[in-house]
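**Q** Provided herewith: run29.cif, mmCIF, C-alpha atoms and all ligand atoms.
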```
data_structure
loop_
_atom_site.label_atom_id
_atom_site.label_comp_id
_atom_site.auth_asym_id
_atom_site.auth_seq_id
_atom_site.Cartn_x
_atom_site.Cartn_y
_atom_site.Cartn_z
CA MET L 1 0.00 0.00 0.00
CA LYS L 2 1.23 3.46 -0.90
CA ASN L 3 1.90 5.83 1.99
CA ILE L 4 0.18 9.18 2.18
CA ILE L 5 2.00 11.20 4.84
CA PHE L 6 -0.62 13.16 6.80
CA LEU L 7 0.86 15.70 9.25
CA GLU L 8 -0.27 17.21 12.55
CA PRO L 9 0.04 21.01 12.44
CA VAL L 10 1.94 23.09 15.02
CA PHE L 11 0.29 26.32 16.25
CA LYS L 12 1.89 29.64 17.15
CA GLU L 13 0.29 32.27 19.34
CA MET L 14 0.97 35.80 18.11
CA ILE L 15 -0.08 39.23 19.37
CA TRP L 16 -1.71 39.84 15.98
CA GLY L 17 -3.44 36.42 15.78
CA GLY L 18 -7.14 35.57 16.08
CA ASN L 19 -9.45 32.55 16.32
CA ARG L 20 -10.15 31.76 12.66
CA LEU L 21 -7.90 28.70 12.73
CA ILE L 22 -10.68 27.11 14.78
CA THR L 23 -13.75 28.88 13.34
CA ASP L 24 -12.69 28.38 9.68
CA PHE L 25 -10.54 25.24 9.92
CA GLY L 26 -11.65 23.44 13.09
CA TYR L 27 -8.14 23.19 14.49
CA ASP L 28 -7.63 22.73 18.23
CA ILE L 29 -5.81 26.03 18.80
CA PRO L 30 -4.17 27.16 22.05
CA SER L 31 -5.92 30.56 22.37
CA ASP L 32 -7.95 33.20 20.54
CA HIS L 33 -4.77 34.96 19.49
CA THR L 34 -3.34 32.11 17.46
CA GLY L 35 -1.61 33.55 14.40
CA GLU L 36 0.01 30.64 12.60
CA CYS L 37 -0.63 27.03 11.75
CA TRP L 38 2.63 25.42 10.64
CA ALA L 39 0.96 22.78 8.53
CA VAL L 40 3.91 21.17 6.78
CA SER L 41 7.14 21.98 8.57
CA ALA L 42 10.39 20.30 9.53
CA HIS L 43 11.76 23.53 11.02
CA THR L 44 13.26 23.29 14.53
CA ASN L 45 10.84 26.00 15.71
CA GLY L 46 7.85 23.80 14.78
CA ASP L 47 8.44 20.27 13.54
CA CYS L 48 5.25 18.49 12.39
CA VAL L 49 4.59 14.89 13.43
CA VAL L 50 3.07 12.23 11.13
CA ARG L 51 -0.59 11.69 12.09
CA ASP L 52 -1.08 8.00 11.21
CA GLY L 53 0.16 5.09 9.12
CA ASP L 54 3.60 3.46 9.02
CA TYR L 55 5.41 6.58 10.22
CA LYS L 56 2.92 7.66 12.89
CA GLY L 57 4.51 9.84 15.59
CA ILE L 58 7.70 10.52 13.64
CA LYS L 59 8.78 14.14 13.09
CA LEU L 60 9.03 15.36 9.51
CA SER L 61 12.69 16.33 10.14
CA ASN L 62 13.43 12.71 11.12
CA LEU L 63 11.62 11.35 8.07
CA TRP L 64 13.71 13.69 5.94
CA ASN L 65 16.96 12.58 7.57
CA GLU L 66 16.26 8.85 7.76
CA HIS L 67 13.98 8.18 4.79
CA LYS L 68 15.35 10.30 1.97
CA GLU L 69 13.85 7.80 -0.48
CA LEU L 70 10.38 9.21 0.39
CA PHE L 71 11.56 12.56 -0.98
CA GLY L 72 13.23 11.30 -4.15
CA ASP L 73 16.70 11.31 -2.51
CA VAL L 74 17.01 15.04 -3.16
CA GLU L 75 20.05 16.79 -1.68
CA GLY L 76 19.79 19.15 1.26
CA GLU L 77 20.26 19.18 5.02
CA THR L 78 16.67 20.22 5.73
CA PHE L 79 13.23 19.64 4.26
CA PRO L 80 13.11 22.53 1.79
CA LEU L 81 9.56 23.92 2.15
CA LEU L 82 7.33 25.26 4.91
CA ILE L 83 3.55 25.60 4.53
CA LYS L 84 1.62 27.84 6.92
CA ILE L 85 -1.91 29.10 7.33
CA ILE L 86 -1.83 32.58 8.82
CA ASP L 87 -4.75 34.28 10.60
CA ALA L 88 -3.95 37.97 10.84
CA LYS L 89 -6.55 39.61 13.05
CA ALA L 90 -4.31 42.69 13.37
CA ASP L 91 -1.52 44.06 11.15
CA LEU L 92 1.80 42.23 11.07
CA SER L 93 4.99 44.28 11.20
CA ILE L 94 6.50 45.39 7.90
CA GLN L 95 9.41 43.18 6.99
CA VAL L 96 11.84 41.96 4.39
CA HIS L 97 13.81 38.72 3.95
CA PRO L 98 17.37 38.26 2.71
CA ASP L 99 18.29 36.01 -0.21
CA ASP L 100 20.38 32.83 0.27
CA GLU L 101 23.66 34.62 -0.40
CA TYR L 102 23.10 37.41 2.17
CA ALA L 103 21.71 35.00 4.80
CA LYS L 104 24.63 32.60 4.36
CA LYS L 105 27.13 35.43 4.93
CA ASN L 106 25.29 37.32 7.69
CA GLU L 107 23.11 34.72 9.47
CA ASN L 108 25.46 31.83 10.23
CA GLY L 109 24.89 29.96 6.99
CA ALA L 110 21.06 30.15 7.17
CA LEU L 111 18.90 30.09 4.05
CA GLY L 112 17.23 33.19 2.67
CA LYS L 113 13.50 33.28 2.18
CA THR L 114 11.27 33.41 -0.86
CA GLU L 115 7.58 33.04 -0.01
CA CYS L 116 4.19 33.29 -1.66
CA TRP L 117 0.68 33.99 -0.41
CA TYR L 118 -2.69 32.68 -1.51
CA ILE L 119 -5.48 34.77 0.04
CA LEU L 120 -7.91 32.23 1.54
CA ASP L 121 -10.25 34.89 2.87
CA CYS L 122 -10.22 38.56 3.80
CA ASP L 123 -12.43 41.43 4.91
CA SER L 124 -14.08 43.36 2.06
CA ASP L 125 -11.79 46.35 2.66
CA ALA L 126 -8.63 44.32 3.41
CA LYS L 127 -5.23 45.48 2.20
CA ILE L 128 -1.71 44.10 1.95
CA VAL L 129 1.78 45.61 1.83
CA VAL L 130 3.90 44.58 -1.15
CA GLY L 131 6.76 46.83 -2.29
CA HIS L 132 7.73 50.43 -1.62
CA ASN L 133 7.88 53.76 -3.43
CA ALA L 134 11.56 54.75 -3.11
CA LYS L 135 13.28 55.11 -6.48
CA ASP L 136 16.75 54.18 -5.20
CA LYS L 137 18.69 53.32 -2.01
CA ASP L 138 19.40 56.99 -1.22
CA GLU L 139 15.73 57.86 -1.29
CA LEU L 140 14.96 54.70 0.73
CA LYS L 141 17.44 55.73 3.42
CA GLU L 142 16.13 59.29 3.48
CA MET L 143 12.49 58.18 3.81
CA ILE L 144 13.35 55.73 6.60
CA ALA L 145 15.51 58.29 8.46
CA ASN L 146 12.66 60.81 8.34
CA HIS L 147 9.96 58.28 9.21
CA LYS L 148 8.03 58.90 5.96
CA TRP L 149 6.36 55.50 6.33
CA ASN L 150 3.08 56.37 4.62
CA GLU L 151 4.92 57.68 1.57
CA LEU L 152 7.38 54.79 1.49
CA ILE L 153 5.17 51.76 1.99
CA ARG L 154 3.02 50.48 -0.88
CA VAL L 155 -0.41 49.27 0.22
CA LEU L 156 -2.68 47.33 -2.17
CA PRO L 157 -6.33 46.27 -1.88
CA ILE L 158 -6.87 42.49 -1.90
CA LYS L 159 -9.67 40.00 -2.39
CA LYS L 160 -10.18 36.30 -1.77
CA GLY L 161 -8.21 34.20 -4.28
CA ASP L 162 -5.45 36.77 -4.93
CA PHE L 163 -1.90 35.47 -5.07
CA PHE L 164 1.43 37.19 -4.40
CA GLN L 165 4.99 35.98 -4.92
CA ILE L 166 7.31 37.69 -2.40
CA GLU L 167 10.91 37.59 -3.58
CA PRO L 168 13.79 38.25 -1.14
CA GLY L 169 14.32 42.00 -0.81
CA THR L 170 10.58 42.75 -1.13
CA VAL L 171 9.06 44.94 1.60
CA HIS L 172 5.90 43.13 2.71
CA ALA L 173 3.29 42.72 5.42
CA ILE L 174 0.00 40.97 5.94
CA LYS L 175 -2.61 43.34 7.31
CA GLY L 176 -5.50 42.63 9.66
CA GLY L 177 -8.62 40.79 8.49
CA THR L 178 -6.74 38.35 6.26
CA VAL L 179 -6.32 34.56 6.22
CA ILE L 180 -3.51 33.31 4.00
CA LEU L 181 -1.90 30.07 2.91
CA GLU L 182 1.83 30.68 2.70
CA THR L 183 4.29 28.47 0.83
CA GLN L 184 7.89 29.37 1.61
CA GLN L 185 11.47 28.26 1.78
CA ASN L 186 12.21 26.58 5.11
CA SER L 187 13.72 29.63 6.81
CA ASP L 188 12.87 31.98 9.63
CA ILE L 189 15.20 34.90 8.84
CA THR L 190 13.16 38.10 8.91
CA TYR L 191 14.23 41.73 9.18
CA ARG L 192 11.63 44.01 10.72
CA LEU L 193 11.56 47.42 9.03
CA TYR L 194 8.62 49.10 10.74
CA ASP L 195 6.11 48.08 13.40
CA TYR L 196 3.63 51.01 13.20
CA ASP L 197 5.34 52.43 16.34
CA ARG L 198 3.41 49.86 18.40
CA LEU L 199 4.44 48.81 21.89
CA SER L 200 4.58 45.23 23.10
CA ASP L 201 4.85 44.95 26.91
CA GLY L 202 5.51 48.69 27.02
CA LYS L 203 8.44 48.54 24.60
CA PRO L 204 8.73 48.77 20.83
CA ARG L 205 9.72 45.46 19.20
CA GLU L 206 13.25 45.30 17.82
CA LEU L 207 13.77 46.68 14.30
CA HIS L 208 16.54 45.66 11.87
CA ILE L 209 16.93 48.87 9.89
CA ASP L 210 20.50 48.42 8.63
CA LYS L 211 19.98 44.86 7.44
CA SER L 212 16.65 45.87 5.89
CA ILE L 213 18.33 48.67 3.94
CA ASP L 214 21.03 46.21 2.83
CA VAL L 215 18.55 43.73 1.35
CA ILE L 216 15.63 45.86 0.06
CA ASN L 217 15.45 45.88 -3.75
CA CYS L 218 15.36 49.44 -5.15
CA PRO L 219 13.25 50.28 -6.99
CA HIS L 220 10.60 47.66 -6.19
CA VAL L 221 9.53 45.55 -9.19
CA ASP L 222 6.36 43.43 -9.06
CA VAL L 223 6.63 39.74 -9.91
CA ASP L 224 4.22 38.93 -12.71
CA THR L 225 3.03 35.42 -11.83
CA ASP L 226 0.89 35.07 -14.96
CA ARG L 227 -1.73 32.67 -13.56
CA LYS L 228 -2.80 30.01 -16.04
CA THR L 229 -5.82 27.75 -15.64
CA ILE L 230 -6.04 24.36 -17.33
CA ASN L 231 -9.54 22.92 -17.41
CA MET L 232 -9.91 19.19 -16.94
CA GLY L 233 -12.90 16.86 -17.16
CA GLN L 234 -14.07 17.36 -13.58
CA GLY L 235 -12.17 20.34 -12.28
CA SER L 236 -9.25 22.57 -13.09
CA VAL L 237 -5.59 23.17 -12.26
CA GLU L 238 -4.34 26.71 -11.93
CA GLU L 239 -0.59 27.39 -12.02
CA LEU L 240 0.12 30.08 -9.44
CA VAL L 241 3.91 30.31 -9.59
CA ASN L 242 6.99 28.42 -10.76
CA CYS L 243 10.23 29.72 -9.23
CA LYS L 244 13.66 28.36 -8.33
CA TYR L 245 12.41 27.08 -4.96
CA TYR L 246 8.88 25.81 -5.58
CA SER L 247 5.96 25.38 -7.95
CA VAL L 248 2.54 26.13 -6.49
CA LYS L 249 -0.82 25.24 -8.02
CA LYS L 250 -4.45 25.44 -7.07
CA LEU L 251 -6.68 22.44 -7.77
CA ASN L 252 -10.42 22.74 -8.08
CA ILE L 253 -12.12 19.32 -7.95
CA ILE L 254 -15.77 18.91 -8.90
CA GLY L 255 -16.37 15.18 -9.26
CA GLU L 256 -13.48 12.79 -9.86
CA GLN L 257 -10.12 13.55 -11.44
CA SER L 258 -6.89 11.53 -11.93
CA PHE L 259 -3.37 12.87 -11.37
CA THR L 260 0.14 11.44 -11.37
CA GLN L 261 2.78 12.24 -8.73
CA THR L 262 6.12 12.22 -10.58
CA GLU L 263 7.94 14.91 -8.52
CA PRO L 264 10.43 14.09 -5.72
CA PHE L 265 7.37 14.69 -3.49
CA THR L 266 4.19 16.78 -3.62
CA ILE L 267 2.50 18.62 -0.75
CA LEU L 268 -1.30 19.02 -0.78
CA SER L 269 -3.44 21.21 1.48
CA VAL L 270 -7.24 21.06 1.39
CA ILE L 271 -8.33 24.71 1.61
CA ASP L 272 -12.06 24.21 1.12
CA GLY L 273 -14.66 21.47 0.83
CA VAL L 274 -14.42 17.75 1.40
CA GLY L 275 -13.49 14.73 -0.70
CA ASN L 276 -11.30 11.67 -1.07
CA ILE L 277 -7.84 10.72 -2.23
CA ASP L 278 -7.80 7.14 -3.50
CA GLY L 279 -10.88 6.53 -1.35
CA ILE L 280 -9.43 8.03 1.87
CA GLN L 281 -11.51 10.93 3.19
CA ILE L 282 -9.86 14.34 3.28
CA ASN L 283 -11.31 17.53 4.76
CA LYS L 284 -10.66 21.24 4.73
CA GLY L 285 -7.55 21.81 6.86
CA ASP L 286 -5.83 18.49 6.05
CA HIS L 287 -2.24 18.67 4.83
CA PHE L 288 -0.29 15.74 3.46
CA ILE L 289 2.68 14.69 1.38
CA LEU L 290 2.64 12.25 -1.52
CA PRO L 291 6.11 10.71 -1.53
CA ALA L 292 8.43 9.87 -4.43
CA GLY L 293 7.11 7.22 -6.78
CA PHE L 294 3.53 7.66 -5.61
CA GLY L 295 2.35 7.57 -9.21
CA ASP L 296 -1.32 7.73 -10.14
CA TYR L 297 -3.97 8.92 -7.72
CA VAL L 298 -7.58 10.03 -7.86
CA LEU L 299 -9.10 13.05 -6.12
CA SER L 300 -12.86 13.09 -5.84
CA GLY L 301 -15.41 15.29 -4.15
CA ASN L 302 -16.11 18.98 -4.16
CA MET L 303 -12.99 20.69 -2.87
CA GLN L 304 -10.13 23.09 -3.48
CA LEU L 305 -6.49 22.32 -2.76
CA ILE L 306 -3.15 24.10 -2.92
CA THR L 307 -0.27 21.90 -4.02
CA SER L 308 3.46 22.50 -4.06
CA HIS L 309 6.64 20.73 -5.03
CA ILE L 310 10.27 21.70 -5.41
ZN ZN L 401 7.69 37.20 5.04
#
```
Let me see the file written as structure tokens.

**A**
Amino acid sequence: MKNIIFLEPVFKEMIWGGNRLITDFGYDIPSDHTGECWAVSAHTNGDCVVRDGDYKGIKLSNLWNEHKELFGDVEGETFPLLIKIIDAKADLSIQVHPDDEYAKKNENGALGKTECWYILDCDSDAKIVVGHNAKDKDELKEMIANHKWNELIRVLPIKKGDFFQIEPGTVHAIKGGTVILETQQNSDITYRLYDYDRLSDGKPRELHIDKSIDVINCPHVDVDTDRKTINMGQGSVEELVNCKYYSVKKLNIIGEQSFTQTEPFTILSVIDGVGNIDGIQINKGDHFILPAGFGDYVLSGNMQLITSHI
């Protein structure tokens, strides 16, 4: 029998978090300010455990280290991707990530971070921060030094189903009233540029202005992800992004549809509805990995999924 690796998520309480991880997804969250569900993660700060089957109870990091054959024997010290669902009740701080080269040099050999966001749901007037308005580094430094945050930071309206690719060096922030599925490189290196002058326990949170200035791309250039939808008999596949680190797609299943897993591994997250994979029931909020050599499989039901592979 072929193994489907279902994972138990890890939850993170955040000052900006809410309760939609239980109201929308039914997860057993620790409090009503839970900000993140680390759904597929082998990161030391939140290492998911296999839910059932042959590998029940084993951490994803251990599976990666001891069963490389499940992941197509790809090279790498750590499982390369991290999938999160983020419930932003309030605004997150404005941040930027380094690329691999900068992180390796300045963060003890860590990886940089490229990430992307699929908007699962948001308030009707919700907004997001992607990019900035400085024409070059000198103007960036001047605007930061003089606290011209409203002029500097580029705020865009969003709606359910929008998708954003956030390259290293991109100023970005999720704003309140937004639930997102994030696919990212397995890294936690973040430079905080601005935190709306908020206080946490009476003190402002630490900023990383110099490193932010180092890594911010000037001028900002939007990534054109050129979404393409391929209609199938009983559903559709939409390509959201193909980059150096991952390919992300959205599947819409209405009925029964066959697929073939030929990648080193493929991650699937059910973001809406209910259905089956090869006859096994899957629900909104389930996340699982189809290992190397999985081959043909059938998805049936009425559901939407986000998939990713390296
Ligand atoms: Zn980020």

**Q** Which is closest to ligand ZN 401 (chain L) among L:Ala39, L:Leu120, L:Ile94, L:Val215, if we use only C-alpha atoms and all ligand atoms?

**A**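 Among the listed residues, L:Ile94 lies closest to ligand ZN 401 (chain L).
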
**Q** Please, what distance in Å, to one decimal, runs between atom CA of Asp100 of chain L and atom CA of Asn62 of chain L?

**A**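 Straight-line distance from atom CA of Asp100 of chain L to atom CA of Asn62 of chain L works out to 23.9 Å.
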
**Q** Which one is closest to Glu167 of chain L: L:Glu238, L:Asp224, L:Asp278, L:Glu75? Count only C-alpha atoms.

**A**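 Under the stated criterion, the closest residue is L:Asp224.
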
**Q** For ligand ZN 401 (chain L), which of L:Gly112, L:Gly275, L:Gly161, L:Pro219 is the closest residue, counting all atoms listed in the file?

**A**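 Using all atoms listed in the file, ligand ZN 401 (chain L) sits closest to L:Gly112.
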
**Q** For ligand ZN 401 (chain L), list the contacting residues at 7 Å or closer, counting all atoms listed in the file, as a PyMOL selection string.

**A** chain L and resi 95-97+115+172+190

**Q** To one decimal in Å, tell me the separation between atom CA of Gly26 of chain L and atom CA of Ile180 of chain L.

**A**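 Atom-to-atom, atom CA of Gly26 of chain L to atom CA of Ile180 of chain L, that is 15.7 Å.
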
**Q** So, with all atoms listed in the file as the atoms that count, which of L:Ile289, L:Lys250, L:Gly255, L:Lys175 lies closest to Tyr196 of chain L?

**A**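 The answer is L:Lys175, which sits nearest to Tyr196 of chain L.
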
**Q** Using all atoms listed in the file, which of L:Thr23, L:Thr170, L:Asn146, L:Gln257 sits nearest Ser212 of chain L?

**A**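 Ranked by minimum distance to Ser212 of chain L, first place goes to L:Thr170.
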
**Q** Calculate how many Å separate atom CA of Leu193 of chain L from atom CA of Lys105 of chain L, rounding to one decimal.

**A**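 Computing the Euclidean distance for atom CA of Leu193 of chain L and atom CA of Lys105 of chain L yields 20.1 Å.
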
**Q** Which residues are near Ala42 of chain L? Cut-off 8 Å, only C-alpha atoms, ignore same chain within fewer than 5 positions. Put them as an MDAnalysis selection string.

**A** chainID L and resid 47:48 59:61 78:79 82 186

**Q** Can you spit out the residues from that selection as an mmCIF file, keeping the file's coordinate frame, using C-alpha atoms?

**A**
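Once written, part_19.cif looks like this:
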```cif
data_model
loop_
_atom_site.group_PDB
_atom_site.id
_atom_site.type_symbol
_atom_site.label_atom_id
_atom_site.label_comp_id
_atom_site.auth_asym_id
_atom_site.auth_seq_id
_atom_site.Cartn_x
_atom_site.Cartn_y
_atom_site.Cartn_z
ATOM 1 C CA ASP L 47 8.440 20.270 13.540
ATOM 2 C CA CYS L 48 5.250 18.490 12.390
ATOM 3 C CA LYS L 59 8.780 14.140 13.090
ATOM 4 C CA LEU L 60 9.030 15.360 9.510
ATOM 5 C CA SER L 61 12.690 16.330 10.140
ATOM 6 C CA THR L 78 16.670 20.220 5.730
ATOM 7 C CA PHE L 79 13.230 19.640 4.260
ATOM 8 C CA LEU L 82 7.330 25.260 4.910
ATOM 9 C CA ASN L 186 12.210 26.580 5.110
#
```

**Q** Find, counting only C-alpha atoms, the residue in L:Asp54, L:Asp296, L:Asp91, L:Glu151 that gets nearest to Gly35 of chain L.

**A** L:Asp91

**Q** Residues around (-1.7, 16.6, 12.2), cut-off 12 Å, counting all atoms listed in the file - what are they as a PyMOL selection string?

**A** chain L and resi 5-11+27-28+37-41+47-52+56-60+269+285-289
